[in-house]
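K.L.:
The structure file coords-v1.txt (compact mmCIF, C-alpha atoms) is provided below.
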```
# COMPACT_ATOMS: atom_id res chain seq x y z
CA MET A 1 116.55 38.76 -78.04
CA ASN A 2 112.90 39.18 -77.27
CA ASN A 3 111.32 39.37 -80.65
CA ALA A 4 110.84 36.54 -83.07
CA ILE A 5 110.09 38.91 -85.95
CA VAL A 6 110.79 42.61 -86.43
CA THR A 7 110.21 44.63 -89.55
CA GLU A 8 110.80 48.33 -90.05
CA GLY A 9 109.68 50.45 -92.94
CA LEU A 10 109.14 47.54 -95.30
CA ASP A 11 108.36 48.47 -98.88
CA LYS A 12 107.51 45.85 -101.43
CA GLY A 13 105.90 46.28 -104.81
CA PHE A 14 105.55 44.48 -108.11
CA ARG A 15 105.99 46.49 -111.32
CA ASP A 16 104.01 49.66 -110.62
CA LYS A 17 101.91 48.28 -107.87
CA GLY A 18 102.98 48.93 -104.29
CA VAL A 19 101.84 46.16 -101.98
CA LEU A 20 103.58 46.76 -98.68
CA LYS A 21 104.24 50.34 -97.65
CA GLU A 22 106.52 51.31 -94.79
CA LEU A 23 105.31 48.28 -92.94
CA SER A 24 106.52 47.95 -89.39
CA LEU A 25 105.66 44.98 -87.25
CA VAL A 26 106.91 43.31 -84.08
CA VAL A 27 106.13 39.74 -83.08
CA PRO A 28 107.36 38.91 -79.57
CA GLN A 29 108.80 35.49 -78.87
CA GLY A 30 106.26 33.04 -77.52
CA SER A 31 103.35 34.85 -79.08
CA VAL A 32 100.59 33.28 -81.09
CA PHE A 33 100.21 36.04 -83.61
CA GLY A 34 97.43 36.35 -86.15
CA LEU A 35 97.65 38.39 -89.33
CA LEU A 36 94.35 39.50 -90.77
CA GLY A 37 93.73 41.23 -94.03
CA ARG A 38 91.40 41.23 -96.98
CA ASN A 39 92.14 39.16 -100.03
CA GLY A 40 94.93 40.86 -101.92
CA ALA A 41 95.98 42.98 -98.94
CA GLY A 42 99.48 41.54 -99.08
CA LYS A 43 99.57 38.87 -96.40
CA THR A 44 101.37 36.32 -98.55
CA THR A 45 103.76 38.99 -99.83
CA LEU A 46 104.64 39.91 -96.26
CA ILE A 47 105.18 36.30 -95.29
CA LYS A 48 107.40 35.66 -98.30
CA CYS A 49 109.52 38.68 -97.34
CA LEU A 50 109.82 37.35 -93.81
CA LEU A 51 111.09 34.03 -95.11
CA GLY A 52 113.54 35.43 -97.62
CA LEU A 53 111.60 34.08 -100.58
CA ILE A 54 111.23 37.54 -102.08
CA ARG A 55 113.19 40.68 -101.46
CA PRO A 56 111.71 43.99 -100.32
CA GLN A 57 112.66 47.22 -102.04
CA ALA A 58 113.33 48.94 -98.74
CA GLY A 59 113.22 48.34 -95.04
CA LYS A 60 114.72 46.06 -92.46
CA ILE A 61 113.68 42.60 -91.37
CA ALA A 62 115.00 40.44 -88.57
CA VAL A 63 113.61 36.94 -88.06
CA LEU A 64 115.05 35.18 -85.01
CA GLY A 65 117.65 37.92 -85.15
CA ASP A 66 118.72 37.08 -88.67
CA ASP A 67 118.22 38.78 -92.07
CA PRO A 68 115.92 36.52 -94.12
CA TRP A 69 117.62 37.29 -97.43
CA ASP A 70 120.84 35.88 -95.97
CA PHE A 71 119.54 33.31 -93.54
CA LEU A 72 122.10 31.15 -91.79
CA GLU A 73 121.48 27.41 -92.13
CA GLU A 74 120.98 27.20 -88.38
CA THR A 75 118.24 29.80 -88.55
CA LYS A 76 116.40 27.95 -91.31
CA GLU A 77 116.31 24.86 -89.11
CA ARG A 78 114.52 26.85 -86.44
CA ILE A 79 111.69 27.88 -88.73
CA GLY A 80 108.74 25.89 -90.04
CA TYR A 81 106.64 27.15 -92.94
CA VAL A 82 103.30 26.07 -94.30
CA PRO A 83 102.53 27.88 -97.56
CA GLN A 84 99.08 28.49 -98.92
CA THR A 85 98.95 25.92 -101.65
CA ASP A 86 101.57 23.38 -102.18
CA ARG A 87 101.45 20.01 -103.85
CA PRO A 88 105.00 18.81 -103.63
CA TYR A 89 106.29 15.64 -105.25
CA PRO A 90 102.99 14.01 -106.18
CA TRP A 91 104.57 10.67 -106.97
CA LEU A 92 105.89 10.13 -103.45
CA THR A 93 103.86 8.55 -100.70
CA ALA A 94 103.18 10.58 -97.57
CA ARG A 95 105.70 8.46 -95.69
CA GLN A 96 108.35 9.01 -98.36
CA LEU A 97 107.75 12.74 -98.41
CA ILE A 98 108.14 12.95 -94.66
CA ASP A 99 111.35 10.97 -94.74
CA TYR A 100 112.64 13.09 -97.60
CA THR A 101 111.87 16.29 -95.75
CA ALA A 102 113.34 14.92 -92.53
CA SER A 103 116.64 14.27 -94.29
CA PHE A 104 117.22 18.01 -94.64
CA TYR A 105 117.18 18.57 -90.91
CA ARG A 106 119.64 17.56 -88.24
CA HIS A 107 116.77 17.00 -85.88
CA TRP A 108 113.43 15.34 -86.69
CA ASN A 109 110.83 13.97 -84.35
CA HIS A 110 109.50 10.89 -86.16
CA GLU A 111 107.37 9.91 -83.22
CA LEU A 112 105.56 13.22 -83.46
CA THR A 113 104.96 13.06 -87.19
CA ASP A 114 103.80 9.43 -86.96
CA ARG A 115 101.40 10.30 -84.19
CA LEU A 116 100.01 13.30 -86.03
CA MET A 117 99.52 11.28 -89.19
CA LYS A 118 97.46 8.79 -87.24
CA GLU A 119 95.51 11.39 -85.27
CA TRP A 120 94.69 13.35 -88.37
CA GLY A 121 93.66 10.31 -90.36
CA LEU A 122 96.38 10.33 -93.00
CA ASN A 123 97.53 7.11 -94.60
CA ALA A 124 101.31 6.90 -94.85
CA GLU A 125 101.14 4.87 -98.05
CA ASP A 126 98.88 7.26 -99.99
CA LYS A 127 100.50 9.03 -102.91
CA VAL A 128 100.73 12.76 -102.27
CA GLY A 129 99.31 13.58 -105.70
CA LEU A 130 96.11 11.73 -104.88
CA LEU A 131 95.42 13.36 -101.55
CA SER A 132 92.44 15.68 -101.21
CA GLU A 133 93.02 19.36 -100.56
CA GLY A 134 92.32 18.96 -96.90
CA GLU A 135 94.67 16.01 -96.60
CA THR A 136 97.40 17.87 -98.46
CA GLN A 137 97.05 20.77 -96.12
CA LYS A 138 97.29 18.48 -93.11
CA LEU A 139 100.39 16.85 -94.53
CA ASN A 140 102.02 20.22 -95.16
CA ILE A 141 101.40 21.16 -91.57
CA ILE A 142 102.94 17.94 -90.29
CA LEU A 143 105.97 18.50 -92.53
CA ALA A 144 106.50 21.88 -90.88
CA LEU A 145 106.28 20.49 -87.36
CA GLY A 146 108.66 17.53 -87.61
CA HIS A 147 111.88 19.40 -86.93
CA GLU A 148 110.27 21.13 -83.93
CA PRO A 149 111.01 24.69 -84.99
CA GLU A 150 111.00 27.73 -82.70
CA LEU A 151 109.05 29.79 -85.19
CA LEU A 152 106.14 28.50 -87.19
CA VAL A 153 104.82 30.56 -90.07
CA PHE A 154 101.49 29.52 -91.53
CA ASP A 155 99.90 31.11 -94.57
CA GLU A 156 96.17 30.38 -94.43
CA PRO A 157 96.82 26.96 -92.88
CA VAL A 158 93.22 25.92 -92.49
CA ALA A 159 91.51 27.36 -95.54
CA SER A 160 90.72 23.90 -96.90
CA LEU A 161 89.88 22.19 -93.64
CA ASP A 162 86.42 21.40 -92.33
CA PRO A 163 85.51 22.68 -88.85
CA ALA A 164 86.42 19.42 -87.10
CA SER A 165 89.85 19.36 -88.74
CA ARG A 166 90.36 23.00 -87.97
CA ARG A 167 89.68 22.31 -84.32
CA GLN A 168 92.21 19.47 -84.42
CA PHE A 169 94.76 21.80 -85.93
CA LEU A 170 94.17 24.43 -83.26
CA LYS A 171 94.50 21.87 -80.50
CA THR A 172 97.78 20.67 -81.95
CA VAL A 173 99.06 24.22 -82.22
CA LEU A 174 98.14 24.85 -78.60
CA GLU A 175 99.80 21.62 -77.49
CA ILE A 176 103.00 22.72 -79.17
CA VAL A 177 102.84 26.10 -77.54
CA SER A 178 102.30 24.51 -74.13
CA ASP A 179 105.11 22.00 -74.51
CA ARG A 180 107.98 24.20 -75.57
CA PRO A 181 108.89 27.82 -76.30
CA CYS A 182 107.56 28.51 -79.75
CA THR A 183 106.29 31.50 -81.67
CA ILE A 184 103.45 31.05 -84.09
CA PHE A 185 102.64 33.48 -86.86
CA PHE A 186 99.70 32.82 -89.07
CA SER A 187 97.60 34.58 -91.58
CA THR A 188 93.98 33.61 -91.81
CA HIS A 189 90.50 34.77 -92.70
CA ILE A 190 88.92 32.73 -89.99
CA THR A 191 88.58 35.18 -87.15
CA SER A 192 86.93 32.68 -84.81
CA ASP A 193 90.05 30.52 -84.86
CA LEU A 194 92.19 33.51 -84.02
CA GLU A 195 89.92 34.42 -81.17
CA ARG A 196 90.60 31.09 -79.57
CA VAL A 197 94.32 30.87 -79.91
CA ALA A 198 95.92 34.19 -80.73
CA ASP A 199 97.12 36.55 -78.06
CA ARG A 200 98.09 39.20 -80.58
CA VAL A 201 96.70 40.23 -83.92
CA ALA A 202 97.66 42.62 -86.67
CA VAL A 203 95.38 43.96 -89.35
CA LEU A 204 96.94 44.61 -92.73
CA LYS A 205 95.26 47.35 -94.72
CA ASP A 206 96.46 49.37 -97.70
CA GLY A 207 99.91 47.93 -97.32
CA ARG A 208 100.29 49.03 -93.73
CA ILE A 209 99.46 47.68 -90.32
CA ALA A 210 96.19 49.33 -89.27
CA PHE A 211 96.33 47.79 -85.83
CA ALA A 212 98.73 45.54 -83.99
CA GLY A 213 98.53 44.52 -80.39
CA GLU A 214 96.86 42.28 -77.89
CA LEU A 215 93.56 40.80 -78.98
CA ASP A 216 91.97 41.40 -75.59
CA VAL A 217 92.90 45.05 -75.72
CA LEU A 218 91.45 45.36 -79.20
CA LYS A 219 88.13 43.98 -78.00
CA GLU A 220 88.10 46.24 -74.98
CA GLU A 221 88.96 49.37 -76.92
CA ILE A 222 86.82 49.13 -80.01
CA LYS A 223 83.11 49.44 -79.47
CA ARG A 224 80.01 50.32 -81.44
CA LEU A 225 77.89 53.08 -79.98
CA ARG A 226 74.23 53.61 -80.76
CA ILE A 227 73.20 57.10 -79.86
CA ARG A 228 69.53 57.91 -79.77
CA ALA A 229 68.75 61.59 -79.60
CA ALA A 230 66.75 64.08 -81.56
CA GLY A 231 68.59 66.06 -84.19
CA VAL A 232 71.98 64.36 -84.28
CA ARG A 233 74.10 65.22 -87.26
CA LEU A 234 77.13 63.64 -88.82
CA GLU A 235 79.21 66.71 -88.08
CA ASP A 236 78.61 66.28 -84.38
CA PHE A 237 80.95 63.34 -84.36
CA LYS A 238 84.49 64.05 -85.27
CA GLY A 239 87.79 62.89 -84.02
CA GLU A 240 90.61 60.49 -84.50
CA GLY A 241 89.08 57.73 -82.49
CA ILE A 242 86.04 57.49 -84.70
CA LEU A 243 86.47 54.69 -87.20
CA HIS A 244 83.06 54.99 -88.76
CA ARG A 245 79.91 57.02 -88.34
CA GLU A 246 76.41 56.87 -89.74
CA VAL A 247 73.46 59.04 -88.93
CA PHE A 248 69.78 58.20 -89.35
CA ALA A 249 66.65 60.07 -88.34
CA HIS A 250 67.20 60.11 -84.62
CA GLU A 251 70.12 57.81 -84.26
CA ALA A 252 73.81 57.88 -84.82
CA ILE A 253 75.92 54.76 -85.01
CA LEU A 254 79.59 55.19 -84.30
CA CYS A 255 82.40 52.77 -84.26
CA VAL A 256 85.07 54.07 -81.93
CA ARG A 257 88.52 53.15 -80.89
CA GLY A 258 89.90 53.95 -77.48
CA TYR A 259 86.54 53.66 -75.79
CA THR A 260 86.30 54.37 -72.07
CA PRO A 261 83.18 54.66 -69.87
CA ASP A 262 83.89 58.42 -69.53
CA ILE A 263 83.13 58.80 -73.21
CA LYS A 264 79.70 57.29 -72.65
CA LYS A 265 78.90 59.82 -69.93
CA ALA A 266 80.20 62.69 -72.02
CA ILE A 267 78.06 61.79 -75.01
CA GLU A 268 74.94 61.16 -72.96
CA GLU A 269 75.28 64.56 -71.36
CA LYS A 270 76.18 66.47 -74.48
CA PHE A 271 73.32 65.15 -76.59
CA ARG A 272 70.88 64.26 -73.82
CA ALA A 273 70.90 60.89 -75.49
CA GLN A 274 70.24 57.26 -74.87
CA LEU A 275 73.50 55.45 -75.49
CA ASP A 276 73.98 51.73 -76.03
CA VAL A 277 77.47 50.32 -76.09
CA GLU A 278 77.99 47.15 -78.10
CA ASP A 279 80.90 44.79 -77.80
CA LEU A 280 82.32 43.72 -81.12
CA ASN A 281 83.89 40.42 -81.92
CA LEU A 282 86.99 40.09 -84.06
CA GLU A 283 85.10 39.65 -87.32
CA GLU A 284 83.13 42.84 -86.76
CA ILE A 285 86.25 44.70 -85.66
CA PHE A 286 88.07 43.49 -88.74
CA LEU A 287 85.23 44.72 -90.97
CA GLU A 288 85.23 48.10 -89.26
CA LEU A 289 88.99 48.51 -89.51
CA THR A 290 89.11 47.55 -93.15
CA ARG A 291 86.15 49.48 -94.51
CA MET B 292 98.19 13.14 -51.17
CA THR B 293 97.09 15.68 -53.72
CA GLU B 294 93.81 17.52 -53.45
CA GLU B 295 91.22 16.39 -55.93
CA LYS B 296 90.51 19.07 -58.41
CA THR B 297 86.86 19.83 -58.82
CA LYS B 298 85.45 19.27 -62.25
CA VAL B 299 84.58 22.71 -63.50
CA TYR B 300 82.68 23.20 -66.70
CA PHE B 301 83.64 26.44 -68.28
CA ARG B 302 81.73 27.62 -71.30
CA ILE B 303 83.23 30.25 -73.48
CA ALA B 304 82.07 32.05 -76.54
CA ALA B 305 85.26 32.61 -78.47
CA SER B 306 83.62 34.95 -80.92
CA SER B 307 82.00 37.23 -78.45
CA GLY B 308 82.85 40.87 -77.93
CA VAL B 309 83.85 39.93 -74.41
CA PRO B 310 87.47 38.76 -74.21
CA ILE B 311 87.78 35.11 -73.19
CA TYR B 312 89.81 35.83 -70.07
CA ARG B 313 87.02 38.06 -68.82
CA GLN B 314 84.43 35.34 -69.46
CA LEU B 315 86.49 32.89 -67.39
CA ILE B 316 86.86 35.37 -64.53
CA ASP B 317 83.14 36.08 -64.48
CA GLN B 318 82.32 32.37 -64.48
CA VAL B 319 84.64 31.58 -61.59
CA LYS B 320 83.20 34.47 -59.61
CA THR B 321 79.66 33.31 -60.30
CA LEU B 322 80.49 29.74 -59.30
CA VAL B 323 81.99 31.00 -56.07
CA ALA B 324 79.09 33.35 -55.35
CA THR B 325 76.54 30.59 -55.89
CA SER B 326 78.61 28.17 -53.79
CA ALA B 327 79.06 25.80 -56.70
CA LEU B 328 82.77 26.13 -55.97
CA ALA B 329 83.44 25.79 -52.28
CA PRO B 330 86.31 27.55 -50.52
CA GLY B 331 89.30 25.25 -50.32
CA THR B 332 88.67 23.51 -53.62
CA PHE B 333 91.15 23.82 -56.44
CA LEU B 334 90.57 25.12 -59.92
CA PRO B 335 91.68 22.82 -62.74
CA SER B 336 95.14 23.49 -64.08
CA VAL B 337 95.76 26.07 -66.78
CA ARG B 338 96.78 23.32 -69.14
CA GLN B 339 93.64 21.30 -68.55
CA VAL B 340 91.31 24.20 -69.09
CA ALA B 341 93.16 25.35 -72.20
CA ALA B 342 93.17 21.89 -73.70
CA GLU B 343 89.48 21.28 -73.02
CA LEU B 344 88.32 24.60 -74.38
CA ALA B 345 90.88 24.64 -77.21
CA ILE B 346 92.15 28.07 -76.26
CA ASN B 347 95.53 29.61 -75.65
CA PRO B 348 96.88 28.68 -72.19
CA MET B 349 98.05 32.27 -71.76
CA THR B 350 94.43 33.34 -71.73
CA VAL B 351 93.67 30.99 -68.85
CA SER B 352 96.81 32.15 -67.03
CA LYS B 353 95.71 35.72 -67.40
CA ALA B 354 92.29 34.95 -65.93
CA TYR B 355 93.81 33.03 -63.02
CA SER B 356 96.32 35.81 -62.32
CA LEU B 357 93.62 38.42 -62.17
CA LEU B 358 91.47 36.23 -59.93
CA GLU B 359 94.46 35.93 -57.65
CA LYS B 360 94.95 39.71 -57.63
CA GLU B 361 91.31 40.15 -56.73
CA ASN B 362 91.71 37.66 -53.91
CA VAL B 363 89.15 35.24 -55.26
CA VAL B 364 91.78 32.50 -55.40
CA GLU B 365 95.22 31.97 -53.96
CA PHE B 366 98.14 30.10 -55.42
CA VAL B 367 99.26 27.06 -53.43
CA ARG B 368 102.68 25.81 -54.40
CA GLY B 369 102.61 22.42 -56.04
CA GLN B 370 98.82 22.31 -56.11
CA GLY B 371 97.42 25.23 -58.01
CA MET B 372 94.71 27.82 -57.50
CA LYS B 373 92.63 27.43 -54.35
CA ILE B 374 89.31 29.16 -53.83
CA ARG B 375 89.53 31.50 -50.89
CA GLY B 376 87.21 31.67 -47.90
CA THR B 377 83.79 33.21 -47.43
CA ALA B 378 85.04 36.70 -46.57
CA VAL B 379 85.42 37.16 -50.29
CA SER B 380 81.80 36.37 -51.13
CA GLN B 381 80.65 39.40 -49.19
CA GLU B 382 82.86 41.74 -51.23
CA ASP B 383 81.67 39.90 -54.23
CA LEU B 384 78.01 40.60 -53.44
CA SER B 385 78.43 44.35 -53.50
CA GLN B 386 80.49 44.01 -56.66
CA ARG B 387 77.68 42.09 -58.27
CA GLN B 388 75.14 44.64 -57.14
CA GLY B 389 77.36 47.36 -58.52
CA GLN B 390 77.21 45.68 -61.90
CA MET B 391 73.40 45.77 -61.88
CA VAL B 392 73.16 49.50 -61.16
CA PRO B 393 73.86 50.81 -64.68
CA LEU B 394 71.27 48.40 -66.12
CA LEU B 395 68.69 49.45 -63.57
CA LYS B 396 69.39 53.11 -64.26
CA GLU B 397 68.83 52.50 -67.95
CA VAL B 398 65.48 50.94 -67.18
CA ILE B 399 64.52 54.06 -65.27
CA VAL B 400 65.57 56.39 -68.07
CA ARG B 401 63.79 54.34 -70.70
CA ALA B 402 60.62 54.06 -68.64
CA SER B 403 60.52 57.82 -68.32
CA GLN B 404 61.01 58.27 -72.07
CA LEU B 405 58.15 55.86 -72.68
CA SER B 406 56.03 57.54 -70.04
CA LEU B 407 55.71 54.40 -67.95
CA ARG B 408 55.30 54.78 -64.21
CA PRO B 409 57.51 53.00 -61.69
CA GLY B 410 54.63 50.89 -60.38
CA LYS B 411 53.84 49.64 -63.87
CA VAL B 412 57.45 48.78 -64.61
CA MET B 413 57.84 46.88 -61.33
CA LYS B 414 54.78 44.79 -62.15
CA MET B 415 56.16 44.03 -65.60
CA LEU B 416 59.50 43.02 -64.08
CA GLU B 417 57.83 40.72 -61.61
CA SER B 418 55.77 38.90 -64.20
CA LEU B 419 58.68 38.57 -66.63
CA TRP B 420 60.83 37.20 -63.85
CA LYS B 421 58.20 34.61 -63.01
CA GLU B 422 58.13 33.58 -66.65
CA GLU B 423 61.90 33.22 -66.83
CA GLY B 424 61.91 31.25 -63.60
CA SER B 425 59.40 28.73 -64.97
CA HIS B 426 61.70 27.96 -67.91
CA GLU B 427 64.68 26.94 -65.80
```
If you convert what's in this file into structure tokens, what do you get?

P.N.:
Amino acid sequence: MNNAIVTEGLDKGFRDKGVLKELSLVVPQGSVFGLLGRNGAGKTTLIKCLLGLIRPQAGKIAVLGDDPWDFLEETKERIGYVPQTDRPYPWLTARQLIDYTASFYRHWNHELTDRLMKEWGLNAEDKVGLLSEGETQKLNIILALGHEPELLVFDEPVASLDPASRRQFLKTVLEIVSDRPCTIFFSTHITSDLERVADRVAVLKDGRIAFAGELDVLKEEIKRLRIRAAGVRLEDFKGEGILHREVFAHEAILCVRGYTPDIKKAIEEKFRAQLDVEDLNLEEIFLELTR
Amino acid sequence: MTEEKTKVYFRIAASSGVPIYRQLIDQVKTLVATSALAPGTFLPSVRQVAAELAINPMTVSKAYSLLEKENVVEFVRGQGMKIRGTAVSQEDLSQRQGQMVPLLKEVIVRASQLSLRPGKVMKMLESLWKEEGSHE
């Protein structure tokens, strides 16, 4: 089995509102996979479907080969989940919460969780309810790592962390990925973090996946073109690969997908134009894909 | 006795339009071309580079693989990626020149659009270059 997660034709809605529509996604094993989407696009809904917390109206899902709605116990032990906001058991100390969580699993690496607590500056004797948001988030991450799962699912894991803590988190994630076979799936707004660690990304838009594939390929294929020529009109630029177009007095700005150097030549010749090709980073690509 | 790995300082811009693996490849090639990395020295391990730059080790692997395909480095069992001999730097020179050509052509086109003569543009280039040089 090569894929950690596979969904086909997923439909999920609430009352009259459709959130996920015919959503199909593949996450290969060993991948560090980033899910991007605007607020309200349905990232959390998708993640909850993947974990069997809510049930889709239609479609198929296989996580580690198993159907989430009927997960085997063994499968659950191979998955770690960090939800968006969670303040569990405020009256317990961090140490107690870790021990409590560990008791649910046949395998728990106490050395790892102790080390992470220290490295991330968490005090074992602090009551969970009194931790700051950042500290709570760190604790939730540690709780998901203790049983050394094969699949880690993070829902906005670093939203409350400052840049230094985010960097710590990324380094830990990368350490894990280096040490043992592990698939990491996380949804985030922070494109710069994804650019460092993800090898694949998917963009969720209007309930569907607008793009899914290797991050490097995405950067190589999507470019912004500035075309300077007299008399360019909007109608001159049509086609499936054009994500966005704007025309000013003597300039057209296109955002294209599937760019190759031949296209540059073709446009320069056709319009006798001056053409500048701009590379776009993930944030800009995300904005273009989700206009 | 294991070879000492040279300390290489890679700098990457994670949020650039240029994929990270490509940045690493270009940096290794530049270091080789400027003799900062001598033939026979070893690149740091994938793990080391990934940990230092806080990036996915697969990205470093990808860069190293492609460098190997392009014969810039070769894999030595048990030791890692070794920089290959000088024959490569010659190839590399024409590659580097090739990369300049499109930029130079653009300069020519733009100069003509702005009605600037070649002689004028060359003078401008020379003085700008001197300026840049004095800042290094």

K.L.:
Extract, using only C-alpha atoms, all DNA, RNA and protein residues at most 10 Å from Leu53 in chain A, discarding same-chain residues fewer than 5 positions from it, and format them as a list in words.

P.N.:
Thr45, Ile47, Lys48, Pro68 and Trp69 of chain A

K.L.:
Using only C-alpha atoms, I'd like a table of the residues in chain A that come within 7 Å of chain B; for each, show the closest atom pair and its distance in Å rounded to one decimal, ordered by chain and ascending number, as a tab-separated table.

P.N.:
```
residue	atom	partner	partner_atom	distance
A:Leu170	CA	B:Ala345	CA	6.9
A:Lys171	CA	B:Ala345	CA	5.6
A:Leu174	CA	B:Asn347	CA	6.2
A:Ser192	CA	B:Ser306	CA	5.6
A:Glu195	CA	B:Ala305	CA	5.7
A:Arg196	CA	B:Ile346	CA	4.7
A:Val197	CA	B:Asn347	CA	4.6
A:Ala198	CA	B:Asn347	CA	6.9
A:Asp216	CA	B:Pro310	CA	5.4
A:Lys219	CA	B:Gly308	CA	6.1
A:Asp279	CA	B:Gly308	CA	4.4
A:Leu280	CA	B:Gly308	CA	4.3
A:Asn281	CA	B:Gly308	CA	4.1
A:Leu282	CA	B:Ser306	CA	6.9
```

K.L.:
From the options A:Arg224, A:Arg15, A:Arg78, A:Arg208, which residue's atoms come nearest to Thr183 in chain A, counting only C-alpha atoms?

P.N.:
A:Arg78

K.L.:
Could you check which of A:Glu125, A:Val82, A:Ser103, A:Ala164 is closest to Gln137 in chain A, using only C-alpha atoms?

P.N.:
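Under the stated criterion, the closest residue is A:Val82.
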
K.L.:
Skipping near chain neighbours, those fewer than 4 positions away, what residues fall within 9 Å of Pro56 in chain A using only C-alpha atoms, listed as a compact mmCIF listing (two decimals) with C-alpha atoms, keeping the file's coordinate frame?

P.N.:
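Heads up, here's the output in around_0.txt:
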```
# COMPACT_ATOMS: atom_id res chain seq x y z
CA LEU A 10 109.14 47.54 -95.30
CA ASP A 11 108.36 48.47 -98.88
CA LYS A 12 107.51 45.85 -101.43
CA GLY A 13 105.90 46.28 -104.81
CA LEU A 20 103.58 46.76 -98.68
CA CYS A 49 109.52 38.68 -97.34
CA LYS A 60 114.72 46.06 -92.46
```

K.L.:
What gap, in Å, lies between CA of Glu268 in chain A and CA of Gly241 in chain A?

P.N.:
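One can read the CA of Glu268 in chain A to CA of Gly241 in chain A distance as 17.4 Å.
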
K.L.:
For each of A:Thr172, A:Asn123, A:Asn3, A:Thr44, take the minimum atom-to-atom distance to Gly30 in chain A, counting only C-alpha atoms, then give the residue where this is smallest.

P.N.:
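Of all the options, A:Asn3 lies closest to Gly30 in chain A.
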
K.L.:
What's the separation between CA of Ala159 in chain A and CA of Leu97 in chain A, in Å to one decimal place?

P.N.:
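Rounded to one decimal, the two atoms are 22.0 Å apart.
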
K.L.:
For Asp126 in chain A, find every residue with an atom within 8 Å (counting all atoms listed in the file), except residues of its own chain fewer than 5 positions away, and show them as a list in words.

P.N.:
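The filter keeps Thr93, Ala94 and Leu131 of chain A.
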
K.L.:
Got a sec: who's within 12 Å of Val319 in chain B, counting all atoms listed in the file, leaving out chain neighbours fewer than 2 positions off, as a PyMOL selection string?

P.N.:
chain B and resi 299-302+312-317+321-330+333-335+351+354-355+357-359+361+363-364+372-375+380+383

K.L.:
Mind writing the picked residues with C-alpha atoms as a short mmCIF file (atom, residue, chain, number, x, y, z; two decimals), in the coordinates of the input?

P.N.:
```
data_model
loop_
_atom_site.label_atom_id
_atom_site.label_comp_id
_atom_site.auth_asym_id
_atom_site.auth_seq_id
_atom_site.Cartn_x
_atom_site.Cartn_y
_atom_site.Cartn_z
CA VAL B 299 84.58 22.71 -63.50
CA TYR B 300 82.68 23.20 -66.70
CA PHE B 301 83.64 26.44 -68.28
CA ARG B 302 81.73 27.62 -71.30
CA TYR B 312 89.81 35.83 -70.07
CA ARG B 313 87.02 38.06 -68.82
CA GLN B 314 84.43 35.34 -69.46
CA LEU B 315 86.49 32.89 -67.39
CA ILE B 316 86.86 35.37 -64.53
CA ASP B 317 83.14 36.08 -64.48
CA THR B 321 79.66 33.31 -60.30
CA LEU B 322 80.49 29.74 -59.30
CA VAL B 323 81.99 31.00 -56.07
CA ALA B 324 79.09 33.35 -55.35
CA THR B 325 76.54 30.59 -55.89
CA SER B 326 78.61 28.17 -53.79
CA ALA B 327 79.06 25.80 -56.70
CA LEU B 328 82.77 26.13 -55.97
CA ALA B 329 83.44 25.79 -52.28
CA PRO B 330 86.31 27.55 -50.52
CA PHE B 333 91.15 23.82 -56.44
CA LEU B 334 90.57 25.12 -59.92
CA PRO B 335 91.68 22.82 -62.74
CA VAL B 351 93.67 30.99 -68.85
CA ALA B 354 92.29 34.95 -65.93
CA TYR B 355 93.81 33.03 -63.02
CA LEU B 357 93.62 38.42 -62.17
CA LEU B 358 91.47 36.23 -59.93
CA GLU B 359 94.46 35.93 -57.65
CA GLU B 361 91.31 40.15 -56.73
CA VAL B 363 89.15 35.24 -55.26
CA VAL B 364 91.78 32.50 -55.40
CA MET B 372 94.71 27.82 -57.50
CA LYS B 373 92.63 27.43 -54.35
CA ILE B 374 89.31 29.16 -53.83
CA ARG B 375 89.53 31.50 -50.89
CA SER B 380 81.80 36.37 -51.13
CA ASP B 383 81.67 39.90 -54.23
#
```
